[in-house]
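Peer 1: Below is a structure I'd like to ask you about.
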Amino acid sequence: MNQRNWITQWIDTKRNTSFDSDLADSIMAAVNAHPRRPLISTVSIAAPVSRFRIFRSQPVLLAGGTVGGFLRVAVFLYVLLFIC
Amino acid sequence: MTDELQLIRRVLDGDTTGFRILVQRYQQPVMRMICHLTGQSAECEDIAQEVFLSAFRHLRSFDPDRSRFSTWLFTIARNRSMNDLRRNRMVPLTDDRAQNRSNEPVESLKRREIFRELDKALAQLPDRYRRAFILAEFEGLPYDQIAQIECIGLGTVKSRIHRAKEKLQQALAKFRNE
């Protein structure tokens with residue numbers, strides 16, 4: 001028998017592998033234990049929208065951290081002085 | 001396919017019994033795939049359970065316009081298997097369970113030796129070649145489905161399978177003149 005035939009036979013053996021166990025019962029038990037939780041994709045559907053998200057469209061106020069905080073205060077004071 | 005989409009819709013509408021049909025339909029190929037990819041027959045049942053539960057939890061994210069349900073499910077199985085393989089840091093070894101369940105009653109010594117050699121050669125293949133070969137040859141998946149599961153092009157799938165076959169043939173070189 002040549003190499004190709006051996007490999008074909010070996011592949012057939014692998015393809016015919018079967019399992020006695022039935023997963024359905026254990027999976028359905030787990031599914032029914034928490035029927036609602038799995039069906040709702042909370043991350044993509046119910047992601048909270050920040051009320052302050054509107055500020056993100058303004059480049060100066062987009063900066064974060066210490067520099068961002070300083071810039072925010074500076075802009076606020078500048079606007080306040082300008083108004084007064 | 002349409003029947004499958006109807007089942008999925010039923011499940012999403014809260015009728016979980018539809019999911020049992022999906023599990024029964026896919027449990028054998030999913031378990032076989034996990035078993036072949038991880039090489040650990042003892043754990044493949046647990047991993048398969050995780051795969052189906054994960055599929056159930058994320059069923060809403062399945063998009064029938066992007067792939068078939070089987071492709072989506074096999075991708076989860078592939079990823080779980082790879083995670084398990086990385087976590088356990090084990091090289092997949094001979095799948096004795098698969099061989100013991102062969103339909104043939106008596107295996108010759110040479111045949112067993114050759115199959116063991118092929119198992120060894122398969123385990124030594126780089127992961128990407130091994131996965132492509134297993135999905136194509138053991139699971140009988142079409143190349144376009146493998147390309148989707150592996151997120152690679154069709155040409156890459158073909159070349160990986162071709163290289164895997166070359167390596168396996170090389171492994172049998174010592175039996176050539178017997």
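Here's how to read the names in the structure tokens: chain A, B, ... by the order shown, residue numbers from 1 in each chain, ligand numbers from 1 in the order shown.
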Skipping near chain neighbours, those fewer than 5 positions away, what residues fall within 10 Å of B:Arg68 using only C-alpha atoms, listed as an MDAnalysis selection string?

Peer 2: chainID B and resid 1 4:5 62:63 73:74 145 148

Peer 1: Name the residues in contact with B:Thr156 at a cut-off of 12 Å, using only C-alpha atoms, excluding same-chain residues fewer than 4 positions from it; report them as a list in words.

Peer 2: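 Counting only the stated atoms, we get Arg128, Tyr129, Ala132, Phe133, Tyr143, Asp144, Ile146, Ala147, Gln148, Glu150, Cys151, Ile152, Arg160, Ile161, His162 and Arg163 of chain B.
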
Peer 1: Those selected residues, please, written with all heavy atoms and delivered as a compact mmCIF listing (two decimals), in the first residue's frame.

Peer 2:
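Contents of part12.txt, freshly written:
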# COMPACT_ATOMS: atom_id res chain seq x y z
N ARG B 128 -0.84 26.37 12.91
CA ARG B 128 -1.68 26.86 11.80
C ARG B 128 -1.86 25.81 10.71
O ARG B 128 -2.93 25.69 10.10
CB ARG B 128 -1.12 28.17 11.23
CG ARG B 128 0.31 28.10 10.77
CD ARG B 128 0.82 29.50 10.43
NE ARG B 128 2.12 29.45 9.79
CZ ARG B 128 3.26 29.27 10.44
NH1 ARG B 128 3.26 29.13 11.75
NH2 ARG B 128 4.41 29.22 9.79
N TYR B 129 -0.82 25.01 10.45
CA TYR B 129 -0.94 23.94 9.45
C TYR B 129 -1.84 22.83 9.97
O TYR B 129 -2.66 22.27 9.26
CB TYR B 129 0.43 23.34 9.12
CG TYR B 129 1.41 24.28 8.46
CD1 TYR B 129 2.76 23.97 8.39
CD2 TYR B 129 1.00 25.48 7.89
CE1 TYR B 129 3.67 24.82 7.79
CE2 TYR B 129 1.90 26.34 7.30
CZ TYR B 129 3.24 26.01 7.26
OH TYR B 129 4.14 26.85 6.67
N ALA B 132 -5.57 23.81 9.93
CA ALA B 132 -6.14 23.81 8.57
C ALA B 132 -6.34 22.37 8.09
O ALA B 132 -7.38 22.04 7.51
CB ALA B 132 -5.21 24.56 7.62
N PHE B 133 -5.36 21.52 8.36
CA PHE B 133 -5.45 20.12 7.92
C PHE B 133 -6.62 19.40 8.63
O PHE B 133 -7.42 18.72 7.98
CB PHE B 133 -4.13 19.39 8.21
CG PHE B 133 -4.13 17.96 7.78
CD1 PHE B 133 -3.87 17.61 6.46
CD2 PHE B 133 -4.43 16.94 8.68
CE1 PHE B 133 -3.89 16.29 6.06
CE2 PHE B 133 -4.46 15.62 8.28
CZ PHE B 133 -4.18 15.28 6.97
N TYR B 143 -13.14 24.69 1.98
CA TYR B 143 -12.03 25.63 2.18
C TYR B 143 -12.52 27.04 2.56
O TYR B 143 -11.89 27.73 3.34
CB TYR B 143 -11.16 25.70 0.93
CG TYR B 143 -10.26 24.49 0.72
CD1 TYR B 143 -10.32 23.40 1.60
CD2 TYR B 143 -9.36 24.43 -0.34
CE1 TYR B 143 -9.51 22.28 1.41
CE2 TYR B 143 -8.55 23.31 -0.52
CZ TYR B 143 -8.63 22.26 0.35
OH TYR B 143 -7.82 21.15 0.17
N ASP B 144 -13.63 27.47 1.95
CA ASP B 144 -14.10 28.84 2.25
C ASP B 144 -14.55 28.96 3.71
O ASP B 144 -14.36 30.01 4.34
CB ASP B 144 -15.23 29.25 1.29
CG ASP B 144 -16.47 28.37 1.43
OD1 ASP B 144 -16.31 27.18 1.76
OD2 ASP B 144 -17.58 28.87 1.21
N ILE B 146 -13.21 27.22 6.19
CA ILE B 146 -11.96 27.23 6.97
C ILE B 146 -11.35 28.63 6.92
O ILE B 146 -10.86 29.14 7.93
CB ILE B 146 -10.96 26.18 6.43
CG1 ILE B 146 -11.56 24.78 6.54
CG2 ILE B 146 -9.63 26.25 7.17
CD1 ILE B 146 -10.78 23.70 5.84
N ALA B 147 -11.41 29.25 5.73
CA ALA B 147 -10.86 30.60 5.59
C ALA B 147 -11.56 31.57 6.55
O ALA B 147 -10.94 32.42 7.18
CB ALA B 147 -11.01 31.07 4.15
N GLN B 148 -12.88 31.40 6.68
CA GLN B 148 -13.65 32.27 7.59
C GLN B 148 -13.30 31.99 9.05
O GLN B 148 -13.11 32.91 9.83
CB GLN B 148 -15.15 32.03 7.39
CG GLN B 148 -15.75 32.89 6.29
CD GLN B 148 -17.27 32.84 6.35
OE1 GLN B 148 -17.85 31.76 6.34
NE2 GLN B 148 -17.91 33.99 6.38
N GLU B 150 -10.55 30.71 10.24
CA GLU B 150 -9.17 31.09 10.55
C GLU B 150 -8.86 32.55 10.24
O GLU B 150 -7.76 33.02 10.52
CB GLU B 150 -8.21 30.19 9.76
CG GLU B 150 -8.20 28.73 10.22
CD GLU B 150 -7.45 28.54 11.53
OE1 GLU B 150 -6.38 29.11 11.69
OE2 GLU B 150 -7.98 27.83 12.40
N CYS B 151 -9.84 33.24 9.64
CA CYS B 151 -9.64 34.65 9.23
C CYS B 151 -8.43 34.79 8.30
O CYS B 151 -7.56 35.65 8.50
CB CYS B 151 -9.46 35.54 10.44
SG CYS B 151 -10.94 35.74 11.37
N ILE B 152 -8.34 33.93 7.31
CA ILE B 152 -7.26 34.00 6.33
C ILE B 152 -7.84 33.85 4.93
O ILE B 152 -9.03 33.52 4.78
CB ILE B 152 -6.19 32.90 6.58
CG1 ILE B 152 -6.86 31.52 6.67
CG2 ILE B 152 -5.37 33.18 7.83
CD1 ILE B 152 -5.90 30.35 6.80
N ARG B 160 -1.53 25.96 3.35
CA ARG B 160 -1.29 25.34 4.66
C ARG B 160 -1.62 23.85 4.64
O ARG B 160 -0.90 23.04 5.20
CB ARG B 160 -2.15 26.04 5.74
CG ARG B 160 -1.57 27.38 6.14
CD ARG B 160 -2.40 28.04 7.23
NE ARG B 160 -1.89 29.37 7.52
CZ ARG B 160 -2.39 30.19 8.42
NH1 ARG B 160 -3.43 29.82 9.13
NH2 ARG B 160 -1.87 31.38 8.64
N ILE B 161 -2.73 23.51 3.97
CA ILE B 161 -3.11 22.10 3.89
C ILE B 161 -2.09 21.31 3.06
O ILE B 161 -1.68 20.21 3.43
CB ILE B 161 -4.54 21.96 3.30
CG1 ILE B 161 -5.56 22.54 4.29
CG2 ILE B 161 -4.88 20.51 3.00
CD1 ILE B 161 -6.93 22.76 3.71
N HIS B 162 -1.64 21.94 1.97
CA HIS B 162 -0.66 21.30 1.11
C HIS B 162 0.64 21.02 1.88
O HIS B 162 1.18 19.92 1.82
CB HIS B 162 -0.38 22.21 -0.09
CG HIS B 162 0.64 21.66 -1.03
ND1 HIS B 162 0.38 20.60 -1.86
CD2 HIS B 162 1.94 22.00 -1.23
CE1 HIS B 162 1.47 20.31 -2.55
NE2 HIS B 162 2.44 21.15 -2.19
N ARG B 163 1.08 22.01 2.66
CA ARG B 163 2.31 21.82 3.44
C ARG B 163 2.14 20.76 4.52
O ARG B 163 3.06 19.99 4.79
CB ARG B 163 2.74 23.15 4.06
CG ARG B 163 3.38 24.04 3.02
CD ARG B 163 3.92 25.29 3.58
NE ARG B 163 4.24 26.20 2.49
CZ ARG B 163 4.66 27.42 2.65
NH1 ARG B 163 4.82 27.91 3.85
NH2 ARG B 163 4.95 28.18 1.61

Peer 1: Identify, on the basis of only C-alpha atoms, every residue whose closest approach to A:Asp22 does not exceed 10 Å; exclude the query and any residue fewer than 6 positions from it along the same chain; express the result as a list in words.

Peer 2: Val23, Gln24, Gln27, Gln28 and Glu45 of chain B

Peer 1: Residues of chain B within 7 Å of chain A, using only C-alpha atoms, as a compact mmCIF listing (two decimals) with N, CA, C and O atoms, in the first residue's frame?

Peer 2:
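Okay, result-v8.txt is ready:
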# COMPACT_ATOMS: atom_id res chain seq x y z
N LEU B 12 -33.99 32.94 20.33
CA LEU B 12 -33.88 34.36 20.69
C LEU B 12 -35.20 34.91 21.23
O LEU B 12 -35.20 35.85 22.02
N ARG B 20 -31.78 22.88 21.97
CA ARG B 20 -31.50 21.44 22.13
C ARG B 20 -31.28 20.79 20.76
O ARG B 20 -30.38 19.99 20.58
N VAL B 23 -27.91 21.71 19.53
CA VAL B 23 -26.86 20.96 20.24
C VAL B 23 -26.78 19.54 19.70
O VAL B 23 -25.69 19.04 19.39
N GLN B 24 -27.95 18.91 19.55
CA GLN B 24 -27.96 17.52 19.07
C GLN B 24 -27.41 17.43 17.65
O GLN B 24 -26.74 16.46 17.30
N GLN B 27 -23.31 18.41 18.19
CA GLN B 27 -22.43 17.96 19.27
C GLN B 27 -21.33 17.02 18.79
O GLN B 27 -20.18 17.14 19.23
N GLN B 28 -21.64 16.13 17.87
CA GLN B 28 -20.61 15.20 17.39
C GLN B 28 -19.48 15.92 16.64
O GLN B 28 -18.33 15.77 17.00
N ARG B 32 -15.70 16.24 18.13
CA ARG B 32 -14.62 15.62 17.34
C ARG B 32 -13.55 16.65 17.00
O ARG B 32 -12.36 16.41 17.13
N GLN B 49 -18.98 21.58 26.06
CA GLN B 49 -20.06 22.19 26.85
C GLN B 49 -19.88 23.69 26.92
O GLN B 49 -20.84 24.46 26.76
N LEU B 53 -22.48 26.57 25.54
CA LEU B 53 -23.02 27.58 26.45
C LEU B 53 -22.63 28.98 25.99
O LEU B 53 -23.42 29.92 26.05
N PHE B 56 -24.82 29.90 23.14
CA PHE B 56 -26.15 30.29 23.63
C PHE B 56 -26.14 31.72 24.16
O PHE B 56 -27.01 32.52 23.84
N ARG B 57 -25.11 32.02 24.97
CA ARG B 57 -25.05 33.35 25.58
C ARG B 57 -24.87 34.46 24.56
O ARG B 57 -25.31 35.57 24.74
N HIS B 58 -24.16 34.13 23.47
CA HIS B 58 -23.86 35.16 22.48
C HIS B 58 -24.65 34.99 21.19
O HIS B 58 -24.27 35.54 20.15
N LEU B 59 -25.71 34.22 21.27
CA LEU B 59 -26.48 33.91 20.05
C LEU B 59 -26.97 35.16 19.33
O LEU B 59 -27.07 35.20 18.12
N ARG B 60 -27.24 36.19 20.10
CA ARG B 60 -27.74 37.44 19.50
C ARG B 60 -26.69 38.09 18.60
O ARG B 60 -27.03 38.84 17.68
N ALA B 98 -9.89 7.89 19.54
CA ALA B 98 -10.32 7.86 18.15
C ALA B 98 -9.95 6.52 17.50
O ALA B 98 -10.72 5.95 16.75
N GLN B 99 -8.75 6.03 17.85
CA GLN B 99 -8.31 4.80 17.20
C GLN B 99 -9.04 3.58 17.76
O GLN B 99 -9.34 2.65 17.04
N ARG B 101 -11.96 3.43 18.61
CA ARG B 101 -13.33 3.35 18.09
C ARG B 101 -13.38 3.14 16.59
O ARG B 101 -14.39 3.37 15.97
N SER B 102 -12.25 2.78 16.06
CA SER B 102 -12.23 2.50 14.63
C SER B 102 -13.22 1.38 14.33
O SER B 102 -13.43 0.47 15.13
N PHE B 115 -0.10 4.60 11.67
CA PHE B 115 -1.06 5.59 12.20
C PHE B 115 -0.45 6.36 13.37
O PHE B 115 -0.67 7.55 13.52
N GLU B 137 -9.56 17.91 6.48
CA GLU B 137 -9.55 16.47 6.25
C GLU B 137 -10.36 15.67 7.27
O GLU B 137 -11.09 14.78 6.91
N PHE B 138 -10.20 16.01 8.54
CA PHE B 138 -10.93 15.24 9.57
C PHE B 138 -12.39 15.69 9.66
O PHE B 138 -13.29 14.89 9.86
N GLU B 139 -12.59 17.00 9.57
CA GLU B 139 -13.96 17.52 9.73
C GLU B 139 -14.67 17.70 8.40
O GLU B 139 -15.88 17.93 8.37
N GLN B 169 3.53 13.13 4.58
CA GLN B 169 4.12 12.15 3.65
C GLN B 169 5.58 11.91 3.97
O GLN B 169 6.08 10.79 3.88
N LEU B 172 6.14 9.41 6.60
CA LEU B 172 5.98 8.01 6.20
C LEU B 172 7.10 7.49 5.32
O LEU B 172 7.06 6.36 4.86

Peer 1: Could you state the separation of atom CA of B:Leu118 and atom CA of B:Glu50 in Å, given to one decimal place?

Peer 2: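 Going from atom CA of B:Leu118 over to atom CA of B:Glu50, I get 29.5 Å.
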